[in-house]
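A.B. asks: Structure in structure tokens, see below.
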Amino acid sequence: MRTLISTAFISLDGVVEAPGGEPGYRNSGWTFKDVEFLPEAFEIKGREQQEATAMLLGRTSYEAFSPVWPGMPEFADYKGMPKYVVSTTLGEDDLVSDWGETTILRSLDDVAALKEGEGGPIIVHGSATLNRALSDAGLIDRYHLLVFPLLLGAGKRLFSDTDKDTQKLRLVEHQAYANGLQKNVFDVVR
């Protein structure tokens, strides 16, 4: 079975919306506007590209990343990697041609089938709505969280507010940095 890894920039109060400056959110760009940049705090982002064998995205994140990431040197390892987009509305004509093989998945059952197949880790970037659905369905195996020392209030959250049984996590890697960022890697305990 493949490992599904959710990776996120997250505020201390759980917000993941518009960390890189995406339009339409009051605090857009909070990861670079409000916290000093320390390269060592982002080491895990390079490691993720080396370890992942596929990328999973929701439609909104795909539409935000696909016009930009293919040409960015910092995301070069993702370019040729297979991508899967979970969407009920996206069509083949909506996919970009310069970002490697992309497959549209129509349901969480399709994601579960992908996990059951052969291959290495699958990384989920952005995709707040998809992340909540994946978590509620028990499909996420690991979280890579860079926690920013900010309280943003309103905004899309990584974790759902669904009333469900406790889900235990095991901390497998952590580090605090001089700028207040914390790296927390958790495995989901089954």
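By order of appearance in the structure tokens: chains A, B, ..., then residues from 1 within every chain, and ligands from 1 in the order shown.
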For region 39-53 of chain A, work out the shell of residues within 7 Å, counting only C-alpha atoms and skipping chain neighbours fewer than 2 positions away, then give it as a PyMOL selection string.
C.D. replies: chain A and resi 37+77-78+81+120-123+177
A.B. asks: Region 3-11 of chain A: which residues within 8 Å, counting only C-alpha atoms, same-chain residues fewer than 4 positions away excluded, as a ChimeraX atom specification?
C.D. replies: /A:15-16,19,31,115,120-126,131,139-152,158
A.B. asks: Go ahead and write the residues just picked, N, CA and C atoms, as an mmCIF file, in the first residue's frame.
C.D. replies:
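The resulting file, part06.cif, is reproduced below:
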```cif
data_model
loop_
_atom_site.group_PDB
_atom_site.id
_atom_site.type_symbol
_atom_site.label_atom_id
_atom_site.label_comp_id
_atom_site.auth_asym_id
_atom_site.auth_seq_id
_atom_site.Cartn_x
_atom_site.Cartn_y
_atom_site.Cartn_z
ATOM 1 N N VAL A 15 -5.082 27.475 10.172
ATOM 2 C CA VAL A 15 -5.400 28.013 8.855
ATOM 3 C C VAL A 15 -4.319 27.615 7.846
ATOM 4 N N VAL A 16 -4.755 27.207 6.660
ATOM 5 C CA VAL A 16 -3.837 26.849 5.574
ATOM 6 C C VAL A 16 -4.112 27.667 4.310
ATOM 7 N N PRO A 19 -1.198 30.637 1.688
ATOM 8 C CA PRO A 19 0.098 30.914 2.316
ATOM 9 C C PRO A 19 1.082 31.613 1.387
ATOM 10 N N THR A 31 2.974 33.436 4.916
ATOM 11 C CA THR A 31 4.201 32.674 5.186
ATOM 12 C C THR A 31 5.453 33.495 4.964
ATOM 13 N N LYS A 115 -4.095 4.385 -3.686
ATOM 14 C CA LYS A 115 -3.265 4.000 -2.528
ATOM 15 C C LYS A 115 -2.997 2.498 -2.496
ATOM 16 N N GLY A 120 5.434 4.312 -4.678
ATOM 17 C CA GLY A 120 5.897 4.947 -3.457
ATOM 18 C C GLY A 120 4.929 5.996 -2.940
ATOM 19 N N PRO A 121 5.424 6.866 -2.054
ATOM 20 C CA PRO A 121 4.578 7.863 -1.402
ATOM 21 C C PRO A 121 3.911 8.841 -2.371
ATOM 22 N N ILE A 122 2.715 9.225 -1.981
ATOM 23 C CA ILE A 122 1.923 10.221 -2.706
ATOM 24 C C ILE A 122 1.833 11.443 -1.806
ATOM 25 N N ILE A 123 2.182 12.626 -2.342
ATOM 26 C CA ILE A 123 2.180 13.854 -1.547
ATOM 27 C C ILE A 123 0.992 14.723 -1.931
ATOM 28 N N VAL A 124 0.334 15.306 -0.930
ATOM 29 C CA VAL A 124 -0.791 16.207 -1.145
ATOM 30 C C VAL A 124 -0.353 17.611 -0.735
ATOM 31 N N HIS A 125 -0.335 18.539 -1.690
ATOM 32 C CA HIS A 125 -0.014 19.946 -1.426
ATOM 33 C C HIS A 125 -1.290 20.769 -1.477
ATOM 34 N N GLY A 126 -1.370 21.795 -0.611
ATOM 35 C CA GLY A 126 -2.546 22.670 -0.635
ATOM 36 C C GLY A 126 -3.802 21.861 -0.396
ATOM 37 N N ASN A 131 -8.030 17.682 1.682
ATOM 38 C CA ASN A 131 -7.381 17.178 2.891
ATOM 39 C C ASN A 131 -8.392 16.810 3.969
ATOM 40 N N LEU A 139 -7.806 8.206 4.950
ATOM 41 C CA LEU A 139 -6.873 7.903 3.868
ATOM 42 C C LEU A 139 -5.485 8.525 4.047
ATOM 43 N N ILE A 140 -5.335 9.469 4.968
ATOM 44 C CA ILE A 140 -4.024 10.099 5.183
ATOM 45 C C ILE A 140 -3.209 9.246 6.153
ATOM 46 N N ASP A 141 -1.949 9.020 5.790
ATOM 47 C CA ASP A 141 -1.052 8.208 6.612
ATOM 48 C C ASP A 141 -0.042 9.042 7.396
ATOM 49 N N ARG A 142 0.276 10.231 6.890
ATOM 50 C CA ARG A 142 1.326 11.043 7.512
ATOM 51 C C ARG A 142 1.042 12.520 7.247
ATOM 52 N N TYR A 143 1.409 13.352 8.218
ATOM 53 C CA TYR A 143 1.322 14.808 8.063
ATOM 54 C C TYR A 143 2.714 15.406 8.175
ATOM 55 N N HIS A 144 3.064 16.280 7.223
ATOM 56 C CA HIS A 144 4.269 17.104 7.288
ATOM 57 C C HIS A 144 3.771 18.534 7.503
ATOM 58 N N LEU A 145 3.940 19.054 8.697
ATOM 59 C CA LEU A 145 3.400 20.377 9.004
ATOM 60 C C LEU A 145 4.514 21.349 9.345
ATOM 61 N N LEU A 146 4.530 22.486 8.665
ATOM 62 C CA LEU A 146 5.370 23.600 9.082
ATOM 63 C C LEU A 146 4.420 24.589 9.747
ATOM 64 N N VAL A 147 4.508 24.665 11.070
ATOM 65 C CA VAL A 147 3.591 25.465 11.864
ATOM 66 C C VAL A 147 4.193 26.854 12.054
ATOM 67 N N PHE A 148 3.453 27.868 11.616
ATOM 68 C CA PHE A 148 3.905 29.252 11.709
ATOM 69 C C PHE A 148 3.370 29.885 12.982
ATOM 70 N N PRO A 149 4.167 30.708 13.646
ATOM 71 C CA PRO A 149 3.750 31.321 14.912
ATOM 72 C C PRO A 149 2.814 32.511 14.663
ATOM 73 N N LEU A 150 1.674 32.208 14.065
ATOM 74 C CA LEU A 150 0.694 33.228 13.716
ATOM 75 C C LEU A 150 -0.701 32.731 14.043
ATOM 76 N N LEU A 151 -1.565 33.648 14.435
ATOM 77 C CA LEU A 151 -2.987 33.373 14.581
ATOM 78 C C LEU A 151 -3.691 34.180 13.505
ATOM 79 N N LEU A 152 -4.316 33.505 12.558
ATOM 80 C CA LEU A 152 -4.913 34.179 11.414
ATOM 81 C C LEU A 152 -6.426 34.328 11.520
ATOM 82 N N LEU A 158 -7.002 23.096 7.762
ATOM 83 C CA LEU A 158 -6.528 21.797 7.303
ATOM 84 C C LEU A 158 -7.410 20.675 7.826
#
```
A.B. asks: DSSP on the backbone: what in region 7-79 of chain A comes out strand (DSSP E or B), as a PyMOL selection string?
C.D. replies: chain A and resi 7-11+15+54-58
A.B. asks: Name the residues in contact with Lys33 (chain A) at a cut-off of 10 Å, using only C-alpha atoms, excluding same-chain residues fewer than 4 positions from it; report them as a ChimeraX atom specification.
C.D. replies: /A:19-21,27-29,37
A.B. asks: So that I can check the surroundings of Thr103 (chain A), please list as a ChimeraX atom specification every protein, DNA and RNA residue that reaches within 10 Å of it, counting only C-alpha atoms and ignoring chain neighbours fewer than 3 positions away.
C.D. replies: /A:56,82-86,92,95,100,106
A.B. asks: Would you mind telling me which residue in A:Ala64, A:Leu90, A:Leu57, A:Ile104 lies nearest to Pro23 (chain A) when using only C-alpha atoms?
C.D. replies: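 Looking only at the distances to Pro23 (chain A), the closest residue turns out to be A:Ala64.
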A.B. asks: Identify, with DSSP run on backbone atoms, the residues in chain A assigned to helix (DSSP H, G or I), and express the list as a PDB file with N, CA, C and O atoms, in the first residue's frame.
C.D. replies:
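Saved the output as selection-v4.pdb:
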```pdb
ATOM      1  N   TRP A  30       0.851  35.063   4.075  1.00  0.00           N
ATOM      2  CA  TRP A  30       1.282  35.112   5.474  1.00  0.00           C
ATOM      3  C   TRP A  30       2.573  34.367   5.746  1.00  0.00           C
ATOM      4  O   TRP A  30       3.262  34.673   6.707  1.00  0.00           O
ATOM      5  N   THR A  31       2.974  33.436   4.916  1.00  0.00           N
ATOM      6  CA  THR A  31       4.201  32.674   5.186  1.00  0.00           C
ATOM      7  C   THR A  31       5.453  33.495   4.964  1.00  0.00           C
ATOM      8  O   THR A  31       6.479  33.235   5.586  1.00  0.00           O
ATOM      9  N   PHE A  32       5.399  34.461   4.084  1.00  0.00           N
ATOM     10  CA  PHE A  32       6.604  35.247   3.811  1.00  0.00           C
ATOM     11  C   PHE A  32       6.491  36.701   4.248  1.00  0.00           C
ATOM     12  O   PHE A  32       7.498  37.387   4.345  1.00  0.00           O
ATOM     13  N   LYS A  33       5.308  37.188   4.537  1.00  0.00           N
ATOM     14  CA  LYS A  33       5.153  38.585   4.964  1.00  0.00           C
ATOM     15  C   LYS A  33       5.436  38.771   6.447  1.00  0.00           C
ATOM     16  O   LYS A  33       5.928  39.806   6.852  1.00  0.00           O
ATOM     17  N   PRO A  39      16.232  29.371   5.615  1.00  0.00           N
ATOM     18  CA  PRO A  39      16.243  28.234   4.685  1.00  0.00           C
ATOM     19  C   PRO A  39      16.170  26.874   5.371  1.00  0.00           C
ATOM     20  O   PRO A  39      15.502  25.968   4.882  1.00  0.00           O
ATOM     21  N   GLU A  40      16.824  26.733   6.508  1.00  0.00           N
ATOM     22  CA  GLU A  40      16.842  25.428   7.179  1.00  0.00           C
ATOM     23  C   GLU A  40      15.449  24.982   7.623  1.00  0.00           C
ATOM     24  O   GLU A  40      15.188  23.784   7.746  1.00  0.00           O
ATOM     25  N   ALA A  41      14.548  25.913   7.842  1.00  0.00           N
ATOM     26  CA  ALA A  41      13.191  25.555   8.255  1.00  0.00           C
ATOM     27  C   ALA A  41      12.409  24.901   7.120  1.00  0.00           C
ATOM     28  O   ALA A  41      11.413  24.218   7.359  1.00  0.00           O
ATOM     29  N   PHE A  42      12.868  25.084   5.892  1.00  0.00           N
ATOM     30  CA  PHE A  42      12.154  24.569   4.728  1.00  0.00           C
ATOM     31  C   PHE A  42      12.847  23.363   4.094  1.00  0.00           C
ATOM     32  O   PHE A  42      12.480  22.927   3.014  1.00  0.00           O
ATOM     33  N   GLU A  43      13.813  22.794   4.785  1.00  0.00           N
ATOM     34  CA  GLU A  43      14.544  21.623   4.281  1.00  0.00           C
ATOM     35  C   GLU A  43      13.592  20.488   3.917  1.00  0.00           C
ATOM     36  O   GLU A  43      13.792  19.784   2.932  1.00  0.00           O
ATOM     37  N   ILE A  44      12.546  20.333   4.670  1.00  0.00           N
ATOM     38  CA  ILE A  44      11.607  19.231   4.430  1.00  0.00           C
ATOM     39  C   ILE A  44      10.926  19.355   3.063  1.00  0.00           C
ATOM     40  O   ILE A  44      10.562  18.355   2.447  1.00  0.00           O
ATOM     41  N   LYS A  45      10.777  20.564   2.550  1.00  0.00           N
ATOM     42  CA  LYS A  45      10.120  20.745   1.256  1.00  0.00           C
ATOM     43  C   LYS A  45      10.947  20.118   0.127  1.00  0.00           C
ATOM     44  O   LYS A  45      10.398  19.482  -0.768  1.00  0.00           O
ATOM     45  N   GLY A  46      12.283  20.265   0.182  1.00  0.00           N
ATOM     46  CA  GLY A  46      13.143  19.615  -0.804  1.00  0.00           C
ATOM     47  C   GLY A  46      13.131  18.108  -0.652  1.00  0.00           C
ATOM     48  O   GLY A  46      13.097  17.362  -1.633  1.00  0.00           O
ATOM     49  N   ARG A  47      13.136  17.655   0.581  1.00  0.00           N
ATOM     50  CA  ARG A  47      13.101  16.213   0.856  1.00  0.00           C
ATOM     51  C   ARG A  47      11.815  15.587   0.341  1.00  0.00           C
ATOM     52  O   ARG A  47      11.822  14.476  -0.186  1.00  0.00           O
ATOM     53  N   GLU A  48      10.715  16.296   0.469  1.00  0.00           N
ATOM     54  CA  GLU A  48       9.442  15.776  -0.026  1.00  0.00           C
ATOM     55  C   GLU A  48       9.505  15.494  -1.528  1.00  0.00           C
ATOM     56  O   GLU A  48       8.987  14.471  -1.985  1.00  0.00           O
ATOM     57  N   GLN A  49      10.129  16.388  -2.269  1.00  0.00           N
ATOM     58  CA  GLN A  49      10.233  16.184  -3.721  1.00  0.00           C
ATOM     59  C   GLN A  49      11.067  14.952  -4.052  1.00  0.00           C
ATOM     60  O   GLN A  49      10.796  14.266  -5.028  1.00  0.00           O
ATOM     61  N   GLN A  50      12.077  14.685  -3.238  1.00  0.00           N
ATOM     62  CA  GLN A  50      12.936  13.527  -3.474  1.00  0.00           C
ATOM     63  C   GLN A  50      12.237  12.217  -3.105  1.00  0.00           C
ATOM     64  O   GLN A  50      12.462  11.192  -3.737  1.00  0.00           O
ATOM     65  N   GLU A  51      11.403  12.248  -2.080  1.00  0.00           N
ATOM     66  CA  GLU A  51      10.777  11.029  -1.557  1.00  0.00           C
ATOM     67  C   GLU A  51       9.456  10.680  -2.233  1.00  0.00           C
ATOM     68  O   GLU A  51       9.099   9.517  -2.337  1.00  0.00           O
ATOM     69  N   ARG A  59      -8.988  20.208  -7.104  1.00  0.00           N
ATOM     70  CA  ARG A  59      -9.131  21.040  -8.301  1.00  0.00           C
ATOM     71  C   ARG A  59      -8.624  22.462  -8.084  1.00  0.00           C
ATOM     72  O   ARG A  59      -7.878  23.006  -8.911  1.00  0.00           O
ATOM     73  N   THR A  60      -9.000  23.093  -6.992  1.00  0.00           N
ATOM     74  CA  THR A  60      -8.617  24.483  -6.753  1.00  0.00           C
ATOM     75  C   THR A  60      -7.100  24.628  -6.682  1.00  0.00           C
ATOM     76  O   THR A  60      -6.528  25.540  -7.291  1.00  0.00           O
ATOM     77  N   SER A  61      -6.438  23.743  -5.963  1.00  0.00           N
ATOM     78  CA  SER A  61      -4.978  23.818  -5.875  1.00  0.00           C
ATOM     79  C   SER A  61      -4.330  23.501  -7.214  1.00  0.00           C
ATOM     80  O   SER A  61      -3.336  24.132  -7.597  1.00  0.00           O
ATOM     81  N   TYR A  62      -4.882  22.533  -7.945  1.00  0.00           N
ATOM     82  CA  TYR A  62      -4.338  22.246  -9.270  1.00  0.00           C
ATOM     83  C   TYR A  62      -4.413  23.494 -10.146  1.00  0.00           C
ATOM     84  O   TYR A  62      -3.444  23.844 -10.828  1.00  0.00           O
ATOM     85  N   GLU A  63      -5.554  24.159 -10.141  1.00  0.00           N
ATOM     86  CA  GLU A  63      -5.718  25.346 -10.970  1.00  0.00           C
ATOM     87  C   GLU A  63      -4.797  26.484 -10.531  1.00  0.00           C
ATOM     88  O   GLU A  63      -4.400  27.312 -11.350  1.00  0.00           O
ATOM     89  N   ALA A  64      -4.434  26.538  -9.249  1.00  0.00           N
ATOM     90  CA  ALA A  64      -3.507  27.566  -8.762  1.00  0.00           C
ATOM     91  C   ALA A  64      -2.058  27.212  -9.070  1.00  0.00           C
ATOM     92  O   ALA A  64      -1.270  28.073  -9.465  1.00  0.00           O
ATOM     93  N   PHE A  65      -1.689  25.949  -8.902  1.00  0.00           N
ATOM     94  CA  PHE A  65      -0.285  25.540  -9.044  1.00  0.00           C
ATOM     95  C   PHE A  65       0.125  25.270 -10.489  1.00  0.00           C
ATOM     96  O   PHE A  65       1.245  25.558 -10.887  1.00  0.00           O
ATOM     97  N   TRP A  69       3.933  26.282 -11.128  1.00  0.00           N
ATOM     98  CA  TRP A  69       4.944  25.340 -10.654  1.00  0.00           C
ATOM     99  C   TRP A  69       5.770  24.690 -11.761  1.00  0.00           C
ATOM    100  O   TRP A  69       6.955  24.436 -11.551  1.00  0.00           O
ATOM    101  N   PRO A  70       5.220  24.387 -12.947  1.00  0.00           N
ATOM    102  CA  PRO A  70       6.040  23.720 -13.964  1.00  0.00           C
ATOM    103  C   PRO A  70       7.310  24.489 -14.338  1.00  0.00           C
ATOM    104  O   PRO A  70       8.320  23.887 -14.682  1.00  0.00           O
ATOM    105  N   GLY A  71       7.282  25.817 -14.251  1.00  0.00           N
ATOM    106  CA  GLY A  71       8.440  26.615 -14.625  1.00  0.00           C
ATOM    107  C   GLY A  71       9.311  27.058 -13.469  1.00  0.00           C
ATOM    108  O   GLY A  71      10.297  27.779 -13.677  1.00  0.00           O
ATOM    109  N   PRO A  73      12.110  26.563 -10.710  1.00  0.00           N
ATOM    110  CA  PRO A  73      13.231  25.659 -10.388  1.00  0.00           C
ATOM    111  C   PRO A  73      13.090  24.976  -9.027  1.00  0.00           C
ATOM    112  O   PRO A  73      13.504  23.832  -8.867  1.00  0.00           O
ATOM    113  N   GLU A  74      12.470  25.658  -8.055  1.00  0.00           N
ATOM    114  CA  GLU A  74      12.341  25.059  -6.725  1.00  0.00           C
ATOM    115  C   GLU A  74      11.374  23.877  -6.693  1.00  0.00           C
ATOM    116  O   GLU A  74      11.354  23.119  -5.743  1.00  0.00           O
ATOM    117  N   PHE A  75      10.606  23.687  -7.766  1.00  0.00           N
ATOM    118  CA  PHE A  75       9.680  22.556  -7.846  1.00  0.00           C
ATOM    119  C   PHE A  75       9.995  21.646  -9.029  1.00  0.00           C
ATOM    120  O   PHE A  75       9.132  20.906  -9.510  1.00  0.00           O
ATOM    121  N   ALA A  76      11.228  21.680  -9.495  1.00  0.00           N
ATOM    122  CA  ALA A  76      11.624  20.935 -10.701  1.00  0.00           C
ATOM    123  C   ALA A  76      11.375  19.435 -10.578  1.00  0.00           C
ATOM    124  O   ALA A  76      10.991  18.787 -11.552  1.00  0.00           O
ATOM    125  N   ASP A  77      11.585  18.865  -9.389  1.00  0.00           N
ATOM    126  CA  ASP A  77      11.403  17.417  -9.221  1.00  0.00           C
ATOM    127  C   ASP A  77       9.948  16.986  -9.367  1.00  0.00           C
ATOM    128  O   ASP A  77       9.663  15.820  -9.619  1.00  0.00           O
ATOM    129  N   TYR A  78       9.019  17.914  -9.204  1.00  0.00           N
ATOM    130  CA  TYR A  78       7.608  17.579  -9.359  1.00  0.00           C
ATOM    131  C   TYR A  78       7.167  17.565 -10.820  1.00  0.00           C
ATOM    132  O   TYR A  78       6.137  17.000 -11.155  1.00  0.00           O
ATOM    133  N   LYS A  79       7.934  18.199 -11.687  1.00  0.00           N
ATOM    134  CA  LYS A  79       7.482  18.395 -13.063  1.00  0.00           C
ATOM    135  C   LYS A  79       7.152  17.078 -13.773  1.00  0.00           C
ATOM    136  O   LYS A  79       6.084  16.932 -14.360  1.00  0.00           O
ATOM    137  N   GLU A  92     -10.536  16.839 -19.144  1.00  0.00           N
ATOM    138  CA  GLU A  92      -9.209  16.633 -19.739  1.00  0.00           C
ATOM    139  C   GLU A  92      -8.698  17.901 -20.420  1.00  0.00           C
ATOM    140  O   GLU A  92      -7.502  18.178 -20.403  1.00  0.00           O
ATOM    141  N   ASP A  93      -9.590  18.678 -20.998  1.00  0.00           N
ATOM    142  CA  ASP A  93      -9.199  19.921 -21.679  1.00  0.00           C
ATOM    143  C   ASP A  93      -8.715  20.988 -20.697  1.00  0.00           C
ATOM    144  O   ASP A  93      -8.101  21.973 -21.119  1.00  0.00           O
ATOM    145  N   ASP A  94      -8.998  20.829 -19.411  1.00  0.00           N
ATOM    146  CA  ASP A  94      -8.592  21.797 -18.395  1.00  0.00           C
ATOM    147  C   ASP A  94      -7.178  21.545 -17.878  1.00  0.00           C
ATOM    148  O   ASP A  94      -6.644  22.344 -17.114  1.00  0.00           O
ATOM    149  N   LEU A 108     -13.281   9.778  -3.723  1.00  0.00           N
ATOM    150  CA  LEU A 108     -12.360   9.275  -2.702  1.00  0.00           C
ATOM    151  C   LEU A 108     -12.125   7.779  -2.875  1.00  0.00           C
ATOM    152  O   LEU A 108     -11.069   7.274  -2.503  1.00  0.00           O
ATOM    153  N   ASP A 109     -13.085   7.072  -3.448  1.00  0.00           N
ATOM    154  CA  ASP A 109     -12.871   5.650  -3.759  1.00  0.00           C
ATOM    155  C   ASP A 109     -11.734   5.498  -4.761  1.00  0.00           C
ATOM    156  O   ASP A 109     -10.933   4.564  -4.673  1.00  0.00           O
ATOM    157  N   ASP A 110     -11.655   6.425  -5.721  1.00  0.00           N
ATOM    158  CA  ASP A 110     -10.545   6.404  -6.680  1.00  0.00           C
ATOM    159  C   ASP A 110      -9.216   6.643  -5.977  1.00  0.00           C
ATOM    160  O   ASP A 110      -8.197   6.040  -6.321  1.00  0.00           O
ATOM    161  N   VAL A 111      -9.214   7.534  -4.985  1.00  0.00           N
ATOM    162  CA  VAL A 111      -7.992   7.790  -4.206  1.00  0.00           C
ATOM    163  C   VAL A 111      -7.614   6.540  -3.422  1.00  0.00           C
ATOM    164  O   VAL A 111      -6.447   6.145  -3.383  1.00  0.00           O
ATOM    165  N   ALA A 112      -8.582   5.888  -2.804  1.00  0.00           N
ATOM    166  CA  ALA A 112      -8.319   4.660  -2.056  1.00  0.00           C
ATOM    167  C   ALA A 112      -7.731   3.591  -2.976  1.00  0.00           C
ATOM    168  O   ALA A 112      -6.784   2.882  -2.591  1.00  0.00           O
ATOM    169  N   ALA A 113      -8.240   3.487  -4.186  1.00  0.00           N
ATOM    170  CA  ALA A 113      -7.713   2.510  -5.152  1.00  0.00           C
ATOM    171  C   ALA A 113      -6.279   2.867  -5.549  1.00  0.00           C
ATOM    172  O   ALA A 113      -5.430   1.972  -5.689  1.00  0.00           O
ATOM    173  N   LEU A 114      -6.000   4.145  -5.721  1.00  0.00           N
ATOM    174  CA  LEU A 114      -4.639   4.589  -6.032  1.00  0.00           C
ATOM    175  C   LEU A 114      -3.678   4.193  -4.912  1.00  0.00           C
ATOM    176  O   LEU A 114      -2.579   3.703  -5.172  1.00  0.00           O
ATOM    177  N   LYS A 115      -4.095   4.385  -3.686  1.00  0.00           N
ATOM    178  CA  LYS A 115      -3.265   4.000  -2.528  1.00  0.00           C
ATOM    179  C   LYS A 115      -2.997   2.498  -2.496  1.00  0.00           C
ATOM    180  O   LYS A 115      -1.932   2.071  -2.070  1.00  0.00           O
ATOM    181  N   GLU A 116      -3.944   1.717  -2.935  1.00  0.00           N
ATOM    182  CA  GLU A 116      -3.812   0.256  -2.918  1.00  0.00           C
ATOM    183  C   GLU A 116      -2.863  -0.248  -3.993  1.00  0.00           C
ATOM    184  O   GLU A 116      -2.398  -1.378  -3.933  1.00  0.00           O
ATOM    185  N   ALA A 128      -7.061  22.199   0.716  1.00  0.00           N
ATOM    186  CA  ALA A 128      -7.676  22.168   2.048  1.00  0.00           C
ATOM    187  C   ALA A 128      -8.946  21.326   2.079  1.00  0.00           C
ATOM    188  O   ALA A 128      -9.111  20.487   2.970  1.00  0.00           O
ATOM    189  N   THR A 129      -9.831  21.528   1.127  1.00  0.00           N
ATOM    190  CA  THR A 129     -11.086  20.767   1.108  1.00  0.00           C
ATOM    191  C   THR A 129     -10.808  19.279   0.929  1.00  0.00           C
ATOM    192  O   THR A 129     -11.385  18.440   1.633  1.00  0.00           O
ATOM    193  N   LEU A 130      -9.922  18.956   0.007  1.00  0.00           N
ATOM    194  CA  LEU A 130      -9.562  17.552  -0.216  1.00  0.00           C
ATOM    195  C   LEU A 130      -8.922  16.953   1.028  1.00  0.00           C
ATOM    196  O   LEU A 130      -9.241  15.825   1.408  1.00  0.00           O
ATOM    197  N   ASN A 131      -8.030  17.682   1.682  1.00  0.00           N
ATOM    198  CA  ASN A 131      -7.381  17.178   2.891  1.00  0.00           C
ATOM    199  C   ASN A 131      -8.392  16.810   3.969  1.00  0.00           C
ATOM    200  O   ASN A 131      -8.261  15.773   4.622  1.00  0.00           O
ATOM    201  N   ARG A 132      -9.382  17.664   4.160  1.00  0.00           N
ATOM    202  CA  ARG A 132     -10.396  17.363   5.184  1.00  0.00           C
ATOM    203  C   ARG A 132     -11.160  16.092   4.826  1.00  0.00           C
ATOM    204  O   ARG A 132     -11.404  15.242   5.682  1.00  0.00           O
ATOM    205  N   ALA A 133     -11.509  15.936   3.556  1.00  0.00           N
ATOM    206  CA  ALA A 133     -12.235  14.744   3.114  1.00  0.00           C
ATOM    207  C   ALA A 133     -11.362  13.496   3.244  1.00  0.00           C
ATOM    208  O   ALA A 133     -11.833  12.441   3.690  1.00  0.00           O
ATOM    209  N   LEU A 134     -10.087  13.605   2.862  1.00  0.00           N
ATOM    210  CA  LEU A 134      -9.171  12.467   2.974  1.00  0.00           C
ATOM    211  C   LEU A 134      -8.994  12.048   4.430  1.00  0.00           C
ATOM    212  O   LEU A 134      -8.986  10.858   4.754  1.00  0.00           O
ATOM    213  N   SER A 135      -8.851  13.028   5.310  1.00  0.00           N
ATOM    214  CA  SER A 135      -8.695  12.729   6.734  1.00  0.00           C
ATOM    215  C   SER A 135      -9.944  12.048   7.290  1.00  0.00           C
ATOM    216  O   SER A 135      -9.855  11.030   7.983  1.00  0.00           O
ATOM    217  N   ASP A 136     -11.103  12.610   6.977  1.00  0.00           N
ATOM    218  CA  ASP A 136     -12.361  12.029   7.472  1.00  0.00           C
ATOM    219  C   ASP A 136     -12.565  10.608   6.961  1.00  0.00           C
ATOM    220  O   ASP A 136     -13.173   9.777   7.636  1.00  0.00           O
TER     221      ASP A 136
END
```
A.B. asks: Determine the nearest neighbour of Leu38 (chain A) from the options A:Thr89, A:Thr162, A:Ser66, A:Gln182, counting only C-alpha atoms.
C.D. replies: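 Checking each candidate against Leu38 (chain A), we get A:Gln182 as the closest.
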